[in-house]
Amino acid sequence: MAFDGFDFDKEKDFSTWYSEVVKRAELCDLRYNVKGFVVFRPWCVMSFKKMYAAFEKELEASGHRPALFPALVPEENFLKEKEHVEGFAPDLFWVTEVAGNKLGERLAMRPTSETAMYKMYSLWIQGLSDLPLKIYQSCQVWRCETKATRPFIRSREFHWIEAHDVFATMEEAEAQVRTDMETTERVMHLQFGVPFIYFKRPEWDKFPGAVETFGADSLMPDGKTIQQPSTHLLGQNFAKAFDVSFLNSKGEREFGWQTCYGPAISRIYASVISVHGDNKGLVLPFDLAPVQVVVIPVQKKGLEEKIVAKAKAVAASLRGRGFSVECDCSTSTPGFKYNYWELRGVPLRVEVGAREMESGEFVVARRDTGEKEKVKEMELPARLNGLGVAISDNLRLKADAWFAKQLHCASSMEELAKALDKGGFVKVPLCSVKMDGKACAEKIKAETVGDVRGTRFGGKDKPVHSAVCVACGKPADEVVFVARQY
RNA sequence: GGGGAGGUGGGCCAACCUGGCUAUGCUUUCAGCUUUGGGAGCUGAAGAUCCGAGUUCAAAUCUCGGCCUCCCCA
């Protein structure tokens with residue numbers, strides 16, 4: 001008997017596991033003929049929409065309003081902020097010709113929208129009554145990545161939300177940065193079950209144009225880190241470049257204090273499927289699953305019509321209770337259907353066969369643990385709800401437990417290299433996270449392939465008295481986290 | 001940035017080195033029969049040599065160019 005099933009080992013060979021799950025669960029089609037651009041298929045986009053909704057709800061609760069800005073940015077806008085243009089210029093897609101005519105001024109496809117939005121903010125903001133201004137947009141951006149592209153993890157077009165805020169004071173802007181980090185915690189960790197650490201990036205690794213950058217770093221199953229939502233304190237750098245200013249309470253013209261925050265939905269999805277998936281395929285948190293409950297009729301000769309009718313009735317009734325439900329009435333055998341829906345990560349399965357017709361109790365199977373139980377028809381909605389919560393909780397707790405074991409320490413280059421081979425974050429003493437520490441970070445990169453991710457936000461990681469920088473041997477001012485990076 | 005590998009029906013592959021008949025097998029899809037509690041079986045059908053040029057009586061196969069993809073390392 002030919003076995004064409006999903007049979008890949010996430011722990012032993014994550015790279016193959018990831019490629020196969022993306023292909024077999026029909027998440028992406030890589031055959032589109034523009035390099036670095038992929039087609040997102042319904043099964044992942046249905047989850048995307050739920051993820052967008054979760055972030056948008058949080059953003060609106062913290063005072064943001066939605067807007068949509070143009071995808072094209074005139075070159076003139078780009079040139080205004082020096083660090084920004086240097087940071088992004090190498091990766092831009094340019095529109096140079098329109099309807100057969102060469103353009104006098106090139107138009108960039110936005111790699112991020114500061115330069116589109118702040119042009120307008122300058123017009124919109126006059127005085128204190130216009131502040132704070134808090135706007136987000138859910139959109140695509142384009143960066144011509146030269147590193148190897150991988151679906152969801154890194155592509156030349158990606159889908160995200162970007163929130164851009166302007167405040168009258170630095171203190172308010174700093175508070176917003178903390179709010180953004182809390183949003184990430186509430187959504188990505190508590191709802192999606194993806195653990196992470198917020199790092200304050202070293203001086204040399206800030207967002208181009210930012211005063212401070214905080215990046216949420218998660219981990220993939222192979223122990224490499226992946227940057228997730230980052231939030232940036234922009235200070236007045238962009239405000240000065242784009243003349244985003246207001247009359248303050250003293251009647252003086254003052255530049256606005258800005259922040260921006262960017263959760264990349266497609267990238268977070270990469271973490272969700274990688275962290276929770278297992279060797280049967282996807283495992284999805286209950287609230288992100290495109291289909292939460294699949295009803296599988298198990299046929300028996302002579303009872304075909306009754307069983308299908310019952311299965312459809314159960315599905316319809318559950319749909320009426322707010323579940324997203326699929327009833328798989330195809331002619332495949334039950335075993336085929338179990339595997340099919342497990343590969344796609346559907347959290348709960350309800351079986352409807354002759355036994356259920358007889359007893360009025362349904363076999364319910366949960367995807368995360370594989371456990372089966374019998375549930376009376378009347379109790380089905382309540383029990384499925386309970387199991388849904390239990391699945392999401394279980395996934396988060398399992399991920400947290402695994403994540404907690406990925407933190408290591410080292411006090412020398414040799415220890416660091418060894419620790420990095422095991423995967424995860426390694427805490428090491430470093431002389432400085434100001435620009436004068438950059439050479440040491442580069443040395444670490446060259447000798448261990450590890451990236452200095454920064455200092456843990458809100459952490460109490462202080463070097464001991466005698467600690468010295470792992471790279472240069474000078475007294476260490478900081479404890480930084482190092483990891484290999486996607 | 002550096003190094004590999006590759007492109008044949010929707011998917012995976014054989015044939016390529018050594019040019020030659022109706023392009024192999026599995027899977028998929030469709031029709032029919034049959035079956036269904038962890039990837040069933042039978043019969044029939046549909047569907048392919050990346051693009052361009054060259055060599056040749058003859059190109060999936062050889063040569064050159066282009067496009068595209070994947071993997072590994074920095």
# chains A, B, ... in the order shown; residues from 1 in each chain; ligands from 1
>>> closest_atom_pairs(of="chain A", to="chain B", cutoff="8 Å", atoms="only C-alpha atoms (C1' of nucleotides)", output="CSV")
residue,atom,partner,partner_atom,distance
A:Phe3,CA,B:G39,C1',6.6
A:Asp4,CA,B:G39,C1',7.1
A:Gly5,CA,B:G39,C1',6.5
A:Asn33,CA,B:C68,C1',6.7
A:Lys35,CA,B:C68,C1',7.8
A:Val298,CA,B:U36,C1',6.6
A:Gln299,CA,B:U36,C1',5.5
A:Lys300,CA,B:U36,C1',6.7
A:Ser332,CA,B:U36,C1',7.6
A:Thr333,CA,B:U36,C1',5.0
A:Pro334,CA,B:U36,C1',6.6
A:Gly335,CA,B:G38,C1',4.1
A:Phe336,CA,B:G39,C1',4.2
A:Lys337,CA,B:G39,C1',7.8
A:Tyr338,CA,B:G38,C1',6.9
A:Asn339,CA,B:G39,C1',6.7
A:Gly353,CA,B:G37,C1',7.8
>>> write_last_selection(atoms="N, CA and C atoms", output="PDB file, in the first residue's frame")
ATOM      1  N   PHE A   3       2.034   4.819   0.722  1.00  0.00           N
ATOM      2  CA  PHE A   3       1.758   5.817   1.741  1.00  0.00           C
ATOM      3  C   PHE A   3       2.227   7.167   1.239  1.00  0.00           C
ATOM      4  N   ASP A   4       1.285   8.027   0.941  1.00  0.00           N
ATOM      5  CA  ASP A   4       1.633   9.331   0.397  1.00  0.00           C
ATOM      6  C   ASP A   4       1.410  10.405   1.451  1.00  0.00           C
ATOM      7  N   GLY A   5       1.560  10.023   2.707  1.00  0.00           N
ATOM      8  CA  GLY A   5       1.201  10.946   3.774  1.00  0.00           C
ATOM      9  C   GLY A   5       2.297  11.916   4.123  1.00  0.00           C
ATOM     10  N   ASN A  33       5.796  33.421 -11.314  1.00  0.00           N
ATOM     11  CA  ASN A  33       7.076  33.647 -11.987  1.00  0.00           C
ATOM     12  C   ASN A  33       7.669  35.037 -11.788  1.00  0.00           C
ATOM     13  N   LYS A  35      10.540  36.432  -9.065  1.00  0.00           N
ATOM     14  CA  LYS A  35      11.413  35.964  -7.991  1.00  0.00           C
ATOM     15  C   LYS A  35      11.070  36.625  -6.654  1.00  0.00           C
ATOM     16  N   VAL A 298     -18.790   8.686   9.094  1.00  0.00           N
ATOM     17  CA  VAL A 298     -18.179   7.363   8.906  1.00  0.00           C
ATOM     18  C   VAL A 298     -19.288   6.422   8.424  1.00  0.00           C
ATOM     19  N   GLN A 299     -19.177   6.058   7.166  1.00  0.00           N
ATOM     20  CA  GLN A 299     -20.290   5.358   6.515  1.00  0.00           C
ATOM     21  C   GLN A 299     -20.412   3.898   6.912  1.00  0.00           C
ATOM     22  N   LYS A 300     -21.624   3.416   6.778  1.00  0.00           N
ATOM     23  CA  LYS A 300     -21.881   1.983   6.918  1.00  0.00           C
ATOM     24  C   LYS A 300     -22.941   1.611   5.898  1.00  0.00           C
ATOM     25  N   SER A 332     -13.851   9.782   0.178  1.00  0.00           N
ATOM     26  CA  SER A 332     -12.636   9.155   0.720  1.00  0.00           C
ATOM     27  C   SER A 332     -12.950   8.352   1.976  1.00  0.00           C
ATOM     28  N   THR A 333     -12.035   7.496   2.335  1.00  0.00           N
ATOM     29  CA  THR A 333     -12.218   6.709   3.563  1.00  0.00           C
ATOM     30  C   THR A 333     -11.952   7.605   4.774  1.00  0.00           C
ATOM     31  N   PRO A 334     -12.494   7.215   5.921  1.00  0.00           N
ATOM     32  CA  PRO A 334     -12.301   8.026   7.131  1.00  0.00           C
ATOM     33  C   PRO A 334     -10.832   8.300   7.426  1.00  0.00           C
ATOM     34  N   GLY A 335     -10.001   7.275   7.315  1.00  0.00           N
ATOM     35  CA  GLY A 335      -8.583   7.450   7.618  1.00  0.00           C
ATOM     36  C   GLY A 335      -7.950   8.525   6.763  1.00  0.00           C
ATOM     37  N   PHE A 336      -8.311   8.547   5.493  1.00  0.00           N
ATOM     38  CA  PHE A 336      -7.798   9.575   4.588  1.00  0.00           C
ATOM     39  C   PHE A 336      -8.207  10.960   5.077  1.00  0.00           C
ATOM     40  N   LYS A 337      -9.460  11.073   5.456  1.00  0.00           N
ATOM     41  CA  LYS A 337      -9.962  12.383   5.897  1.00  0.00           C
ATOM     42  C   LYS A 337      -9.292  12.832   7.200  1.00  0.00           C
ATOM     43  N   TYR A 338      -9.087  11.900   8.115  1.00  0.00           N
ATOM     44  CA  TYR A 338      -8.415  12.266   9.373  1.00  0.00           C
ATOM     45  C   TYR A 338      -7.070  12.895   9.060  1.00  0.00           C
ATOM     46  N   ASN A 339      -6.297  12.204   8.217  1.00  0.00           N
ATOM     47  CA  ASN A 339      -4.959  12.701   7.889  1.00  0.00           C
ATOM     48  C   ASN A 339      -5.009  14.032   7.152  1.00  0.00           C
ATOM     49  N   GLY A 353     -20.918   8.344  12.944  1.00  0.00           N
ATOM     50  CA  GLY A 353     -21.091   7.053  12.282  1.00  0.00           C
ATOM     51  C   GLY A 353     -22.229   6.278  12.909  1.00  0.00           C
TER      52      GLY A 353
END
>>> residues_around(residues="A:Ala419", least_positions_apart="2", cutoff="12 Å", atoms="only C-alpha atoms (C1' of nucleotides)", output="number ranges by chain")
A: 223, 406-417, 421-428, 448-450, 481-484
>>> atom_distance(atom1="atom C1' of B:C17", atom2="atom C1' of B:C62")
10.7 Å
>>> select_by_dssp(residues="stretch 413-459 of chain A", states="strand (DSSP E)", output="list in words")
Phe425, Val426, Lys427, Val428, Pro429, Leu430, Asp451, Val452, Arg453, Gly454, Thr455 and Arg456 of chain A
>>> atom_distance(atom1="atom C1' of B:G3", atom2="atom C1' of B:C70")
13.9 Å
>>> atom_distance(atom1="atom CA of A:Leu387", atom2="atom CA of A:Ala315")
16.8 Å
>>> select_by_dssp(residues="stretch 25-237 of chain A", states="alpha helix (DSSP H)", output="MDAnalysis selection string")
chainID A and resid 42:61 75:78 82:88 114:124 170:184 237
>>> residues_around(residues="B:A46", least_positions_apart="2", cutoff="12 Å", atoms="only C-alpha atoms (C1' of nucleotides)", output="PyMOL selection string")
chain B and resi 9-10+28-31+44
>>> write_last_selection(atoms="C-alpha atoms (C1' of nucleotides)", output="PDB file, in the first residue's frame")
ATOM      1  C1'   G B   9       0.943  16.181 -17.744  1.00  0.00           C
ATOM      2  C1'   G B  10      -1.767  19.585 -11.466  1.00  0.00           C
ATOM      3  C1'   U B  28      -3.881  13.683  -9.156  1.00  0.00           C
ATOM      4  C1'   U B  29      -8.472  14.811 -11.815  1.00  0.00           C
ATOM      5  C1'   C B  30     -13.003  12.849 -14.301  1.00  0.00           C
ATOM      6  C1'   A B  31     -16.694   8.612 -15.287  1.00  0.00           C
ATOM      7  C1'   G B  44     -11.870   3.263 -18.458  1.00  0.00           C
TER       8        G B  44
END
>>> residues_around(residues="stretch 394-398 of chain A", least_positions_apart="3", cutoff="9 Å", atoms="only C-alpha atoms (C1' of nucleotides)", output="number ranges by chain")
A: 189-195, 275-276, 283-285, 368, 389-391, 401-403
>>> closest_residue(among="B:G41, B:G6, B:A48, B:U22", to="B:A60", atoms="only C-alpha atoms (C1' of nucleotides)")
B:A48
>>> residues_around(residues="A:Asp13", least_positions_apart="5", cutoff="12 Å", atoms="only C-alpha atoms (C1' of nucleotides)", output="ChimeraX atom specification")
/A:7-8,18-20,220-223,278-279
>>> write_last_selection(atoms="C-alpha atoms", output="PDB file, in the first residue's frame")
ATOM      1  CA  ASP A   7       5.949  12.178   7.328  1.00  0.00           C
ATOM      2  CA  PHE A   8       8.607  14.725   8.181  1.00  0.00           C
ATOM      3  CA  TYR A  18       8.765  23.648   6.799  1.00  0.00           C
ATOM      4  CA  SER A  19       8.953  23.427   3.011  1.00  0.00           C
ATOM      5  CA  GLU A  20       6.763  20.357   2.956  1.00  0.00           C
ATOM      6  CA  MET A 220      12.198  28.707  15.297  1.00  0.00           C
ATOM      7  CA  PRO A 221      12.383  24.977  16.080  1.00  0.00           C
ATOM      8  CA  ASP A 222      15.939  24.799  14.719  1.00  0.00           C
ATOM      9  CA  GLY A 223      17.048  27.280  17.386  1.00  0.00           C
ATOM     10  CA  ASP A 278       4.134  18.616  14.587  1.00  0.00           C
ATOM     11  CA  ASN A 279       5.111  15.649  12.477  1.00  0.00           C
TER      12      ASN A 279
END
>>> closest_residue(among="A:Met188, A:Lys460, A:Arg267, A:Thr231", to="A:Ala54", atoms="only C-alpha atoms")
A:Met188
>>> residues_around(residues="stretch 66-77 of chain A", least_positions_apart="6", cutoff="7 Å", atoms="only C-alpha atoms (C1' of nucleotides)", output="list in words")
Glu105, Arg106, Leu107, Ala108, Met109, Arg110, Thr115, Ala116, Met117, Ile135, Tyr136 and Gln137 of chain A
>>> write_last_selection(atoms="N, CA and C atoms", output="tab-separated table (two decimals), in the first residue's frame")
chain	number	residue	atom	x	y	z
A	105	GLU	N	10.64	61.88	-12.48
A	105	GLU	CA	11.05	61.49	-11.13
A	105	GLU	C	10.58	60.06	-10.87
A	106	ARG	N	11.48	59.23	-10.43
A	106	ARG	CA	11.13	57.84	-10.16
A	106	ARG	C	10.15	57.74	-9.00
A	107	LEU	N	9.36	56.66	-8.99
A	107	LEU	CA	8.47	56.39	-7.87
A	107	LEU	C	8.89	55.07	-7.23
A	108	ALA	N	9.08	55.12	-5.92
A	108	ALA	CA	9.47	53.90	-5.21
A	108	ALA	C	8.23	53.16	-4.75
A	109	MET	N	8.28	51.85	-4.82
A	109	MET	CA	7.24	51.06	-4.18
A	109	MET	C	7.61	50.99	-2.71
A	110	ARG	N	6.68	51.41	-1.86
A	110	ARG	CA	7.03	51.60	-0.44
A	110	ARG	C	7.64	50.35	0.17
A	115	THR	N	7.68	57.61	4.68
A	115	THR	CA	7.86	58.73	3.76
A	115	THR	C	6.59	59.08	3.00
A	116	ALA	N	5.64	58.15	2.95
A	116	ALA	CA	4.33	58.47	2.36
A	116	ALA	C	3.45	59.15	3.39
A	117	MET	N	3.45	58.62	4.60
A	117	MET	CA	2.49	59.08	5.60
A	117	MET	C	2.87	60.42	6.20
A	135	ILE	N	-2.43	56.44	13.68
A	135	ILE	CA	-3.01	55.85	12.47
A	135	ILE	C	-2.27	54.56	12.12
A	136	TYR	N	-3.05	53.57	11.69
A	136	TYR	CA	-2.40	52.36	11.18
A	136	TYR	C	-2.92	52.04	9.82
A	137	GLN	N	-2.14	51.28	9.06
A	137	GLN	CA	-2.67	50.71	7.82
A	137	GLN	C	-2.22	49.27	7.68
